[in-house]
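With PDB, C-alpha atoms, pLDDT in the B column inside, this is target11.pdb:
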```
ATOM      1  CA  MET A  17      37.144 -47.613   6.395  1.00 46.00           C
ATOM      2  CA  ALA A  18      35.531 -50.887   7.530  1.00 50.00           C
ATOM      3  CA  ALA A  19      34.618 -53.935   5.431  1.00 54.00           C
ATOM      4  CA  VAL A  20      30.951 -54.802   5.885  1.00 64.00           C
ATOM      5  CA  PRO A  21      29.142 -57.800   4.311  1.00 77.00           C
ATOM      6  CA  SER A  22      26.138 -56.713   2.290  1.00 82.00           C
ATOM      7  CA  PRO A  23      23.658 -58.585   0.064  1.00 87.00           C
ATOM      8  CA  THR A  24      24.565 -58.595  -3.607  1.00 87.00           C
ATOM      9  CA  PRO A  25      22.686 -56.185  -5.933  1.00 86.00           C
ATOM     10  CA  GLY A  26      20.314 -58.941  -7.105  1.00 84.00           C
ATOM     11  CA  LEU A  27      19.191 -59.636  -3.569  1.00 89.00           C
ATOM     12  CA  ARG A  28      19.006 -55.928  -2.732  1.00 88.00           C
ATOM     13  CA  SER A  29      16.485 -55.549  -5.550  1.00 91.00           C
ATOM     14  CA  VAL A  30      13.823 -57.372  -3.495  1.00 96.00           C
ATOM     15  CA  ARG A  31      12.063 -56.258  -0.336  1.00 97.00           C
ATOM     16  CA  ALA A  32      11.851 -59.585   1.544  1.00 97.00           C
ATOM     17  CA  VAL A  33      13.484 -63.018   1.526  1.00 98.00           C
ATOM     18  CA  VAL A  34      11.938 -66.447   2.132  1.00 98.00           C
ATOM     19  CA  LEU A  35      14.366 -69.270   2.912  1.00 98.00           C
ATOM     20  CA  ASP A  36      13.776 -73.002   3.045  1.00 95.00           C
ATOM     21  CA  THR A  37      14.886 -74.557   6.326  1.00 94.00           C
ATOM     22  CA  ASP A  38      16.396 -78.012   5.719  1.00 88.00           C
ATOM     23  CA  GLY A  39      19.424 -77.756   3.461  1.00 88.00           C
ATOM     24  CA  VAL A  40      19.449 -73.954   3.269  1.00 95.00           C
ATOM     25  CA  ILE A  41      19.432 -72.844   6.918  1.00 95.00           C
ATOM     26  CA  THR A  42      20.033 -76.025   8.896  1.00 91.00           C
ATOM     27  CA  ASP A  43      22.301 -78.869   7.855  1.00 87.00           C
ATOM     28  CA  SER A  44      19.587 -81.425   8.549  1.00 81.00           C
ATOM     29  CA  ALA A  45      18.891 -82.823   5.076  1.00 80.00           C
ATOM     30  CA  GLY A  46      21.231 -85.747   5.795  1.00 84.00           C
ATOM     31  CA  SER A  47      19.228 -86.722   8.865  1.00 86.00           C
ATOM     32  CA  HIS A  48      16.007 -86.555   6.859  1.00 87.00           C
ATOM     33  CA  ALA A  49      17.523 -88.702   4.101  1.00 90.00           C
ATOM     34  CA  ALA A  50      18.817 -91.275   6.590  1.00 92.00           C
ATOM     35  CA  ALA A  51      15.381 -91.546   8.223  1.00 93.00           C
ATOM     36  CA  TRP A  52      13.718 -91.977   4.828  1.00 94.00           C
ATOM     37  CA  LYS A  53      16.194 -94.688   3.869  1.00 96.00           C
ATOM     38  CA  LYS A  54      15.425 -96.772   6.960  1.00 96.00           C
ATOM     39  CA  ALA A  55      11.680 -96.304   6.487  1.00 96.00           C
ATOM     40  CA  PHE A  56      11.687 -97.169   2.781  1.00 96.00           C
ATOM     41  CA  ASP A  57      14.207-100.019   2.989  1.00 96.00           C
ATOM     42  CA  ALA A  58      12.026-101.791   5.548  1.00 95.00           C
ATOM     43  CA  CYS A  59       9.299-101.802   2.888  1.00 92.00           C
ATOM     44  CA  LEU A  60      11.505-102.574  -0.123  1.00 95.00           C
ATOM     45  CA  SER A  61      13.353-105.472   1.511  1.00 92.00           C
ATOM     46  CA  GLY A  62      10.253-107.653   1.300  1.00 84.00           C
ATOM     47  CA  ILE A  63       9.663-107.020  -2.416  1.00 90.00           C
ATOM     48  CA  GLU A  64      11.614-109.047  -4.938  1.00 89.00           C
ATOM     49  CA  GLY A  65      13.661-107.071  -7.437  1.00 90.00           C
ATOM     50  CA  GLN A  66      13.611-103.794  -5.513  1.00 94.00           C
ATOM     51  CA  ARG A  67      16.938-102.107  -4.829  1.00 94.00           C
ATOM     52  CA  PRO A  68      17.402-100.104  -1.599  1.00 95.00           C
ATOM     53  CA  PHE A  69      16.498 -96.425  -1.343  1.00 96.00           C
ATOM     54  CA  ASP A  70      19.371 -94.189  -2.476  1.00 94.00           C
ATOM     55  CA  ALA A  71      19.831 -91.508   0.198  1.00 92.00           C
ATOM     56  CA  VAL A  72      21.276 -89.111  -2.390  1.00 89.00           C
ATOM     57  CA  ASP A  73      19.634 -89.626  -5.770  1.00 90.00           C
ATOM     58  CA  ASP A  74      16.216 -90.938  -4.666  1.00 93.00           C
ATOM     59  CA  TYR A  75      16.074 -88.366  -1.876  1.00 91.00           C
ATOM     60  CA  LEU A  76      16.783 -85.412  -4.176  1.00 85.00           C
ATOM     61  CA  ARG A  77      14.505 -86.614  -6.986  1.00 88.00           C
ATOM     62  CA  HIS A  78      11.445 -87.697  -5.065  1.00 92.00           C
ATOM     63  CA  VAL A  79      11.466 -86.630  -1.416  1.00 90.00           C
ATOM     64  CA  ASP A  80      13.463 -83.471  -0.784  1.00 85.00           C
ATOM     65  CA  GLY A  81      11.276 -80.451  -0.068  1.00 79.00           C
ATOM     66  CA  ARG A  82       8.000 -82.351  -0.065  1.00 85.00           C
ATOM     67  CA  SER A  83       5.671 -83.125   2.832  1.00 85.00           C
ATOM     68  CA  ARG A  84       6.102 -86.569   4.412  1.00 88.00           C
ATOM     69  CA  ARG A  85       2.985 -87.967   2.762  1.00 91.00           C
ATOM     70  CA  ASP A  86       3.801 -86.494  -0.651  1.00 91.00           C
ATOM     71  CA  GLY A  87       7.418 -87.643  -0.460  1.00 92.00           C
ATOM     72  CA  ALA A  88       6.435 -91.190   0.455  1.00 95.00           C
ATOM     73  CA  ALA A  89       3.865 -91.336  -2.346  1.00 95.00           C
ATOM     74  CA  ALA A  90       6.249 -89.886  -4.949  1.00 94.00           C
ATOM     75  CA  PHE A  91       9.030 -92.354  -4.190  1.00 96.00           C
ATOM     76  CA  LEU A  92       6.738 -95.374  -4.111  1.00 96.00           C
ATOM     77  CA  ALA A  93       5.246 -94.324  -7.450  1.00 96.00           C
ATOM     78  CA  SER A  94       8.755 -94.045  -8.918  1.00 95.00           C
ATOM     79  CA  ARG A  95       9.273 -97.727  -8.088  1.00 95.00           C
ATOM     80  CA  GLY A  96       5.877 -98.750  -9.460  1.00 94.00           C
ATOM     81  CA  LEU A  97       4.572 -99.638  -5.999  1.00 94.00           C
ATOM     82  CA  ASP A  98       0.879 -99.094  -5.322  1.00 91.00           C
ATOM     83  CA  LEU A  99       0.391 -99.205  -1.563  1.00 94.00           C
ATOM     84  CA  PRO A 100      -2.903 -98.286   0.089  1.00 95.00           C
ATOM     85  CA  GLU A 101      -3.071 -94.621   1.076  1.00 95.00           C
ATOM     86  CA  GLY A 102      -4.064 -95.338   4.665  1.00 96.00           C
ATOM     87  CA  SER A 103      -4.774 -92.398   6.972  1.00 94.00           C
ATOM     88  CA  PRO A 104      -2.736 -89.856   8.964  1.00 92.00           C
ATOM     89  CA  ASP A 105      -3.506 -91.888  12.101  1.00 93.00           C
ATOM     90  CA  ASP A 106      -1.724 -95.023  10.821  1.00 95.00           C
ATOM     91  CA  PRO A 107       1.020 -96.213  13.192  1.00 95.00           C
ATOM     92  CA  PRO A 108       4.607 -96.400  11.880  1.00 95.00           C
ATOM     93  CA  GLY A 109       5.076 -99.342   9.526  1.00 94.00           C
ATOM     94  CA  THR A 110       5.290-100.437   5.907  1.00 92.00           C
ATOM     95  CA  ARG A 111       1.747-101.362   4.830  1.00 92.00           C
ATOM     96  CA  THR A 112       0.433 -97.934   3.751  1.00 96.00           C
ATOM     97  CA  VAL A 113       1.782 -94.642   2.432  1.00 96.00           C
ATOM     98  CA  TRP A 114       0.915 -92.925   5.700  1.00 96.00           C
ATOM     99  CA  ALA A 115       2.503 -95.717   7.766  1.00 96.00           C
ATOM    100  CA  ILE A 116       5.820 -95.264   5.958  1.00 96.00           C
ATOM    101  CA  ALA A 117       5.581 -91.505   6.431  1.00 94.00           C
ATOM    102  CA  ALA A 118       4.907 -92.062  10.142  1.00 95.00           C
ATOM    103  CA  ARG A 119       7.914 -94.358  10.431  1.00 96.00           C
ATOM    104  CA  LYS A 120      10.120 -91.745   8.807  1.00 93.00           C
ATOM    105  CA  ASP A 121       8.868 -89.106  11.253  1.00 91.00           C
ATOM    106  CA  GLU A 122       9.494 -91.442  14.176  1.00 94.00           C
ATOM    107  CA  LEU A 123      13.084 -92.040  13.051  1.00 93.00           C
ATOM    108  CA  PHE A 124      13.782 -88.362  12.364  1.00 88.00           C
ATOM    109  CA  THR A 125      12.339 -87.329  15.720  1.00 88.00           C
ATOM    110  CA  GLN A 126      14.667 -89.782  17.455  1.00 89.00           C
ATOM    111  CA  ALA A 127      17.645 -88.276  15.624  1.00 85.00           C
ATOM    112  CA  LEU A 128      16.474 -84.739  16.412  1.00 81.00           C
ATOM    113  CA  ARG A 129      16.429 -85.497  20.133  1.00 84.00           C
ATOM    114  CA  THR A 130      19.925 -87.023  20.183  1.00 85.00           C
ATOM    115  CA  GLU A 131      21.952 -85.132  17.557  1.00 82.00           C
ATOM    116  CA  PRO A 132      23.074 -81.481  17.640  1.00 85.00           C
ATOM    117  CA  VAL A 133      21.418 -79.112  15.181  1.00 86.00           C
ATOM    118  CA  ARG A 134      24.003 -77.964  12.655  1.00 90.00           C
ATOM    119  CA  VAL A 135      23.586 -74.752  10.666  1.00 93.00           C
ATOM    120  CA  TRP A 136      25.219 -73.456   7.491  1.00 94.00           C
ATOM    121  CA  PRO A 137      27.558 -70.588   8.470  1.00 96.00           C
ATOM    122  CA  GLY A 138      27.151 -68.821   5.115  1.00 96.00           C
ATOM    123  CA  THR A 139      23.399 -68.660   5.622  1.00 96.00           C
ATOM    124  CA  VAL A 140      23.832 -67.218   9.114  1.00 96.00           C
ATOM    125  CA  ARG A 141      26.086 -64.486   7.696  1.00 96.00           C
ATOM    126  CA  LEU A 142      23.472 -63.722   5.056  1.00 96.00           C
ATOM    127  CA  LEU A 143      20.698 -63.547   7.655  1.00 96.00           C
ATOM    128  CA  ASP A 144      22.766 -61.149   9.755  1.00 95.00           C
ATOM    129  CA  ALA A 145      23.405 -58.922   6.736  1.00 94.00           C
ATOM    130  CA  LEU A 146      19.722 -58.921   5.808  1.00 95.00           C
ATOM    131  CA  ARG A 147      18.770 -58.052   9.364  1.00 93.00           C
ATOM    132  CA  GLY A 148      21.296 -55.191   9.255  1.00 92.00           C
ATOM    133  CA  ARG A 149      19.421 -53.841   6.230  1.00 92.00           C
ATOM    134  CA  ARG A 150      16.054 -54.422   7.956  1.00 95.00           C
ATOM    135  CA  THR A 151      15.012 -56.829   5.208  1.00 96.00           C
ATOM    136  CA  PRO A 152      12.138 -59.019   6.471  1.00 97.00           C
ATOM    137  CA  CYS A 153      12.894 -62.751   6.363  1.00 97.00           C
ATOM    138  CA  ALA A 154      10.757 -65.874   6.613  1.00 98.00           C
ATOM    139  CA  ALA A 155      11.700 -69.513   7.110  1.00 97.00           C
ATOM    140  CA  VAL A 156       9.519 -72.146   5.481  1.00 96.00           C
ATOM    141  CA  SER A 157       9.500 -75.922   5.567  1.00 92.00           C
ATOM    142  CA  ALA A 158       7.268 -78.859   4.790  1.00 87.00           C
ATOM    143  CA  SER A 159       8.589 -80.414   8.011  1.00 86.00           C
ATOM    144  CA  ARG A 160       6.617 -80.122  11.229  1.00 87.00           C
ATOM    145  CA  HIS A 161       9.946 -79.932  13.089  1.00 87.00           C
ATOM    146  CA  ALA A 162      11.243 -76.734  11.476  1.00 90.00           C
ATOM    147  CA  THR A 163      10.356 -74.352  14.313  1.00 92.00           C
ATOM    148  CA  GLU A 164      11.966 -76.697  16.829  1.00 89.00           C
ATOM    149  CA  LEU A 165      15.087 -76.979  14.661  1.00 88.00           C
ATOM    150  CA  LEU A 166      15.427 -73.211  14.326  1.00 94.00           C
ATOM    151  CA  THR A 167      14.852 -72.688  18.054  1.00 93.00           C
ATOM    152  CA  ARG A 168      17.445 -75.268  19.055  1.00 89.00           C
ATOM    153  CA  ALA A 169      19.887 -73.774  16.550  1.00 91.00           C
ATOM    154  CA  GLY A 170      19.464 -70.336  18.128  1.00 93.00           C
ATOM    155  CA  LEU A 171      18.212 -68.800  14.876  1.00 95.00           C
ATOM    156  CA  ILE A 172      14.511 -68.336  15.518  1.00 96.00           C
ATOM    157  CA  ASP A 173      15.001 -64.631  16.281  1.00 95.00           C
ATOM    158  CA  ARG A 174      16.421 -64.051  12.784  1.00 95.00           C
ATOM    159  CA  PHE A 175      12.976 -64.557  11.253  1.00 97.00           C
ATOM    160  CA  ASP A 176       9.909 -62.366  11.215  1.00 97.00           C
ATOM    161  CA  VAL A 177       7.786 -65.316  10.090  1.00 96.00           C
ATOM    162  CA  VAL A 178       8.023 -69.133  10.217  1.00 97.00           C
ATOM    163  CA  VAL A 179       5.625 -71.226   8.140  1.00 96.00           C
ATOM    164  CA  ASP A 180       6.306 -74.884   8.919  1.00 94.00           C
ATOM    165  CA  GLY A 181       4.523 -78.163   8.318  1.00 90.00           C
ATOM    166  CA  ASN A 182       2.239 -77.576  11.291  1.00 91.00           C
ATOM    167  CA  GLU A 183       0.977 -74.324   9.768  1.00 94.00           C
ATOM    168  CA  ALA A 184       0.722 -75.929   6.343  1.00 92.00           C
ATOM    169  CA  GLY A 185      -1.452 -78.663   7.803  1.00 90.00           C
ATOM    170  CA  ARG A 186      -3.621 -76.249   9.765  1.00 94.00           C
ATOM    171  CA  LEU A 187      -4.212 -74.055   6.711  1.00 95.00           C
ATOM    172  CA  ARG A 188      -4.399 -77.047   4.340  1.00 94.00           C
ATOM    173  CA  LEU A 189      -1.716 -75.582   2.120  1.00 94.00           C
ATOM    174  CA  ALA A 190      -0.702 -77.693  -0.852  1.00 92.00           C
ATOM    175  CA  GLY A 191       2.834 -79.040  -0.742  1.00 88.00           C
ATOM    176  CA  LYS A 192       5.726 -78.143  -3.035  1.00 90.00           C
ATOM    177  CA  PRO A 193       6.028 -77.783  -5.995  1.00 93.00           C
ATOM    178  CA  ASP A 194       2.815 -75.854  -5.383  1.00 95.00           C
ATOM    179  CA  PRO A 195       3.861 -72.341  -4.252  1.00 96.00           C
ATOM    180  CA  ALA A 196       1.278 -72.076  -1.450  1.00 96.00           C
ATOM    181  CA  LEU A 197       3.845 -72.337   1.371  1.00 95.00           C
ATOM    182  CA  PHE A 198       5.965 -69.519  -0.043  1.00 97.00           C
ATOM    183  CA  VAL A 199       2.974 -67.378  -0.940  1.00 98.00           C
ATOM    184  CA  GLU A 200       1.688 -67.659   2.639  1.00 98.00           C
ATOM    185  CA  ALA A 201       5.110 -66.589   3.966  1.00 98.00           C
ATOM    186  CA  ALA A 202       5.159 -63.549   1.643  1.00 98.00           C
ATOM    187  CA  ARG A 203       1.603 -62.678   2.698  1.00 98.00           C
ATOM    188  CA  ARG A 204       2.643 -62.710   6.360  1.00 98.00           C
ATOM    189  CA  LEU A 205       5.651 -60.547   5.526  1.00 98.00           C
ATOM    190  CA  ARG A 206       3.206 -58.171   3.788  1.00 97.00           C
ATOM    191  CA  THR A 207       5.332 -58.194   0.644  1.00 97.00           C
ATOM    192  CA  PRO A 208       4.114 -58.955  -2.906  1.00 98.00           C
ATOM    193  CA  VAL A 209       5.641 -62.124  -4.330  1.00 98.00           C
ATOM    194  CA  ARG A 210       7.159 -60.110  -7.191  1.00 97.00           C
ATOM    195  CA  ASP A 211       9.189 -58.204  -4.580  1.00 97.00           C
ATOM    196  CA  THR A 212      10.209 -61.313  -2.633  1.00 98.00           C
ATOM    197  CA  ALA A 213      13.127 -63.713  -3.131  1.00 98.00           C
ATOM    198  CA  VAL A 214      12.999 -67.456  -2.523  1.00 98.00           C
ATOM    199  CA  VAL A 215      16.162 -69.329  -1.493  1.00 98.00           C
ATOM    200  CA  GLU A 216      15.796 -73.102  -1.941  1.00 96.00           C
ATOM    201  CA  ASP A 217      17.941 -76.214  -2.363  1.00 93.00           C
ATOM    202  CA  ALA A 218      15.195 -78.672  -3.365  1.00 90.00           C
ATOM    203  CA  LEU A 219      14.030 -79.035  -6.965  1.00 92.00           C
ATOM    204  CA  ALA A 220      10.406 -79.031  -5.821  1.00 91.00           C
ATOM    205  CA  GLY A 221      11.011 -75.828  -3.861  1.00 94.00           C
ATOM    206  CA  VAL A 222      12.725 -74.052  -6.750  1.00 96.00           C
ATOM    207  CA  GLU A 223       9.831 -75.017  -9.003  1.00 96.00           C
ATOM    208  CA  ALA A 224       7.413 -73.661  -6.402  1.00 96.00           C
ATOM    209  CA  GLY A 225       9.205 -70.322  -6.435  1.00 97.00           C
ATOM    210  CA  ARG A 226       8.948 -70.162 -10.217  1.00 97.00           C
ATOM    211  CA  ARG A 227       5.277 -71.142 -10.238  1.00 97.00           C
ATOM    212  CA  GLY A 228       4.530 -68.527  -7.603  1.00 97.00           C
ATOM    213  CA  GLY A 229       5.977 -65.687  -9.693  1.00 97.00           C
ATOM    214  CA  PHE A 230       8.561 -64.659  -7.103  1.00 98.00           C
ATOM    215  CA  GLY A 231      10.880 -61.822  -8.046  1.00 97.00           C
ATOM    216  CA  LEU A 232      14.063 -63.850  -7.556  1.00 97.00           C
ATOM    217  CA  VAL A 233      14.484 -67.623  -7.172  1.00 97.00           C
ATOM    218  CA  VAL A 234      17.882 -68.714  -5.860  1.00 97.00           C
ATOM    219  CA  GLY A 235      18.813 -72.381  -6.128  1.00 96.00           C
ATOM    220  CA  VAL A 236      21.334 -73.649  -3.568  1.00 96.00           C
ATOM    221  CA  ASN A 237      23.402 -76.427  -5.119  1.00 95.00           C
ATOM    222  CA  ARG A 238      24.534 -78.353  -2.045  1.00 88.00           C
ATOM    223  CA  ALA A 239      25.354 -81.375  -4.218  1.00 80.00           C
ATOM    224  CA  GLY A 240      27.994 -79.277  -5.920  1.00 79.00           C
ATOM    225  CA  GLY A 241      27.880 -80.885  -9.363  1.00 77.00           C
ATOM    226  CA  PRO A 242      27.124 -79.335 -12.752  1.00 83.00           C
ATOM    227  CA  ASP A 243      24.220 -81.724 -13.329  1.00 90.00           C
ATOM    228  CA  SER A 244      22.519 -80.699 -10.088  1.00 90.00           C
ATOM    229  CA  ALA A 245      23.091 -77.020 -10.879  1.00 94.00           C
ATOM    230  CA  ALA A 246      21.560 -77.517 -14.321  1.00 95.00           C
ATOM    231  CA  ALA A 247      18.574 -79.299 -12.754  1.00 93.00           C
ATOM    232  CA  LEU A 248      17.965 -76.339 -10.444  1.00 95.00           C
ATOM    233  CA  ARG A 249      17.987 -73.992 -13.429  1.00 96.00           C
ATOM    234  CA  ARG A 250      15.619 -76.234 -15.381  1.00 96.00           C
ATOM    235  CA  HIS A 251      13.181 -76.159 -12.481  1.00 96.00           C
ATOM    236  CA  GLY A 252      13.206 -72.366 -12.398  1.00 96.00           C
ATOM    237  CA  ALA A 253      16.215 -70.986 -10.525  1.00 97.00           C
ATOM    238  CA  ASP A 254      17.232 -67.508 -11.733  1.00 96.00           C
ATOM    239  CA  LEU A 255      20.551 -67.878  -9.941  1.00 95.00           C
ATOM    240  CA  VAL A 256      22.427 -70.921  -8.601  1.00 96.00           C
ATOM    241  CA  VAL A 257      24.958 -70.745  -5.753  1.00 96.00           C
ATOM    242  CA  SER A 258      26.738 -73.452  -3.805  1.00 95.00           C
ATOM    243  CA  ASP A 259      26.029 -71.641  -0.522  1.00 95.00           C
ATOM    244  CA  PRO A 260      23.839 -68.646   0.425  1.00 95.00           C
ATOM    245  CA  GLY A 261      26.968 -66.919   1.695  1.00 95.00           C
ATOM    246  CA  GLU A 262      27.772 -66.282  -1.976  1.00 95.00           C
ATOM    247  CA  LEU A 263      24.866 -63.826  -1.976  1.00 95.00           C
ATOM    248  CA  LEU A 264      27.031 -61.451   0.074  1.00 94.00           C
ATOM    249  CA  ALA A 265      29.457 -58.838  -1.187  1.00 87.00           C
ATOM    250  CA  THR A 266      31.970 -56.878   0.863  1.00 66.00           C
ATOM    251  CA  VAL A 267      31.485 -53.121   0.843  1.00 58.00           C
ATOM    252  CA  ARG A 268      33.676 -50.438   2.386  1.00 57.00           C
ATOM    253  CA  THR A 269      32.095 -47.932   4.723  1.00 55.00           C
ATOM    254  CA  SER A 270      33.480 -44.856   6.410  1.00 52.00           C
ATOM    255  CA  PRO A 271      32.925 -44.436  10.162  1.00 55.00           C
ATOM    256  CA  GLY A 272      30.107 -41.991   9.487  1.00 54.00           C
ATOM    257  CA  ASP A 273      28.223 -44.568   7.382  1.00 53.00           C
ATOM    258  CA  GLU A 274      28.164 -47.300  10.028  1.00 46.00           C
TER     259      GLU A 274
END
```

Show this structure as structure tokens.
Amino acid sequence: MAAVPSPTPGLRSVRAVVLDTDGVITDSAGSHAAAWKKAFDACLSGIEGQRPFDAVDDYLRHVDGRSRRDGAAAFLASRGLDLPEGSPDDPPGTRTVWAIAARKDELFTQALRTEPVRVWPGTVRLLDALRGRRTPCAAVSASRHATELLTRAGLIDRFDVVVDGNEAGRLRLAGKPDPALFVEAARRLRTPVRDTAVVEDALAGVEAGRRGGFGLVVGVNRAGGPDSAAALRRHGADLVVSDPGELLATVRTSPGDE
């Protein structure tokens, strides 16, 4: 008999799976956080009494999982800063919300071109097991770079659907914690949300899965602490794991079953 990885019963109860990209599939959240820190600190350094952007706490609370514009606005609001909105055409800088968002994108793009794309091995094993069961999968992201990340990582063929920031912008989908991004992915997979699982590491993304009425919302606790796990549950996670690989169980098959 052979040992074969298979999704756990909870995941087998759904017909499709939607996974967030940064932090769940690719190990790129650190690069995003570093780019945000440089962009925000350039703004904060000129304001008396403002401490630097915290690439862990501030990132997780205000930026992670959100679109660039929404993340910039949420963090600035948390510091009581009321910058002009500006427009999506603003050049990178510090004078408007959109300028800070543009600076972050500029910095992240530079890192994307020079650094290798790292992936989470446990997630790759899960994707392979889901593909073996012919379970449709979608990758979603608020980032406009998600498709490029997945292509460079060699994972694009694991997904039936990719809904990234470019598609969100084209369709004018609301950002997380609104469930529109996930709902669009489920629609393209032709699976009702009640029969679809969401796998997310961001609080805003977990909340989006709950708001959307998805059949299973899995929170990925990359931070590893009990407080972060509790926060994921408070925002709507039905199940919390430290890595998506924990959603696999080993089953024994006879040669005739393979």

Report task. Would you translate the PyMOL selection byres ((chain A and resi 77) around 10) into the concrete set of residues it matches in this file, as a PyMOL selection string? Result -> chain A and resi 72-76+78-81+87+90-91+94+218-220

Requested in this report: Choose the residue, out of A:Trp52, A:Ala154, A:Asp98, A:Gly229, that has the smallest atom-to-atom separation from A:Pro208; count only C-alpha atoms.
Outcome: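 Comparing A:Trp52, A:Ala154, A:Asp98, A:Gly229 against A:Pro208, the winner is A:Gly229.
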
Requested in this report: Please evaluate the PyMOL selection byres ((chain A and resi 227) around 9) against the displayed coordinates and give the resulting residues as a VMD selection string.
Outcome: chain A and resid 193 to 195 222 to 226 228 to 230 252

Report task. Find the residues near A:Arg204: any atom within 10 Å, counting only C-alpha atoms, skip ones fewer than 6 places away on the same chain, and give them as a list in words. Result ->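 Counting only C-alpha atoms, the residues come to Ala154, Asp176, Val177, Val178, Val179 and Phe198 of chain A.
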
Requested in this report: Provide the atom CA of A:Thr163 to atom CA of A:Leu143 distance in Å, to one decimal place.
Outcome: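 For atom CA of A:Thr163 relative to atom CA of A:Leu143, the distance reads 16.4 Å.
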
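Using all atoms listed in the file, the nearest neighbour of A:Arg67 within the list A:Thr207, A:Asp144, A:Asp173, A:Lys53 is A:Lys53.
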
Report task. Check which residues satisfy the PyMOL selection byres ((chain A and resi 109) around 10) in the file shown, then give them as a PyMOL selection string. Result -> chain A and resi 55-56+58-59+106-108+110-120

**Report entry** Coordinates-based distance that separates atom CA of A:Thr125 from atom CA of A:Arg160 (Å, one decimal)
**Finding:** 10.2 Å

**Report entry** Distance criterion (all atoms listed in the file): nearest to A:Gly181 out of A:Leu97, A:Ala213, A:Ala155, A:Leu248
**Finding:**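 Closest residue, counting all atoms listed in the file: A:Ala155.
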
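You can rank A:Ala50, A:Val199, A:Ala253, A:Ala89 by their closest distance to A:Asp70 using all atoms listed in the file, and at the top of that list sits A:Ala50.
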
Query raised in the report: Looking at A:Gly235, A:Pro25, A:Gly221, A:Gly170, which one is nearest to A:Ser157, with distances taken over all atoms listed in the file?
Result: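 Distance minimum relative to A:Ser157 lands on A:Gly221.
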
Requested in this report: Quick one: everything within 7 Å of A:Thr42, counting only C-alpha atoms, minus sequence neighbours fewer than 4 positions away in the same chain. Send it as a VMD selection string.
Outcome: chain A and resid 37 to 38 134 to 136

**Report entry** Between atom CA of A:Cys153 and atom CA of A:Leu232 - distance in Å to one decimal
**Finding:**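 Rounded to one decimal, the two atoms are 14.0 Å apart.
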
Spatial neighbours of A:Val215, max dist 7 Å, only C-alpha atoms, sep filter under 5 positions, as a PDB file with C-alpha atoms, in the coordinates of the input:
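See part-v3.pdb below for the written result:
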```pdb
ATOM      1  CA  VAL A  34      11.938 -66.447   2.132  1.00 98.00           C
ATOM      2  CA  LEU A  35      14.366 -69.270   2.912  1.00 98.00           C
ATOM      3  CA  ASP A  36      13.776 -73.002   3.045  1.00 95.00           C
ATOM      4  CA  VAL A 233      14.484 -67.623  -7.172  1.00 97.00           C
ATOM      5  CA  VAL A 234      17.882 -68.714  -5.860  1.00 97.00           C
ATOM      6  CA  GLY A 235      18.813 -72.381  -6.128  1.00 96.00           C
TER       7      GLY A 235
END
```

Report task. Would you mind telling me which residue in A:Val256, A:Leu92, A:Ala51, A:Ala158 lies nearest to A:Gln66 when using all atoms listed in the file? Result ->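 Residue with the minimum atom-to-atom distance to A:Gln66: A:Leu92.
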
Query raised in the report: Can you list, as a ChimeraX atom specification, every protein, DNA or RNA residue that comes within 10 Å of A:Leu187 when you count only C-alpha atoms, leaving out same-chain residues fewer than 4 positions away?
Result: /A:181-183,197,200

Any chance you can output those residues with C-alpha atoms as a CSV table (one decimal), in the frame of the given file?
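The resulting file, result-v5.csv, is reproduced below:
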```csv
chain,number,residue,atom,x,y,z
A,181,GLY,CA,4.5,-78.2,8.3
A,182,ASN,CA,2.2,-77.6,11.3
A,183,GLU,CA,1.0,-74.3,9.8
A,197,LEU,CA,3.8,-72.3,1.4
A,200,GLU,CA,1.7,-67.7,2.6
```
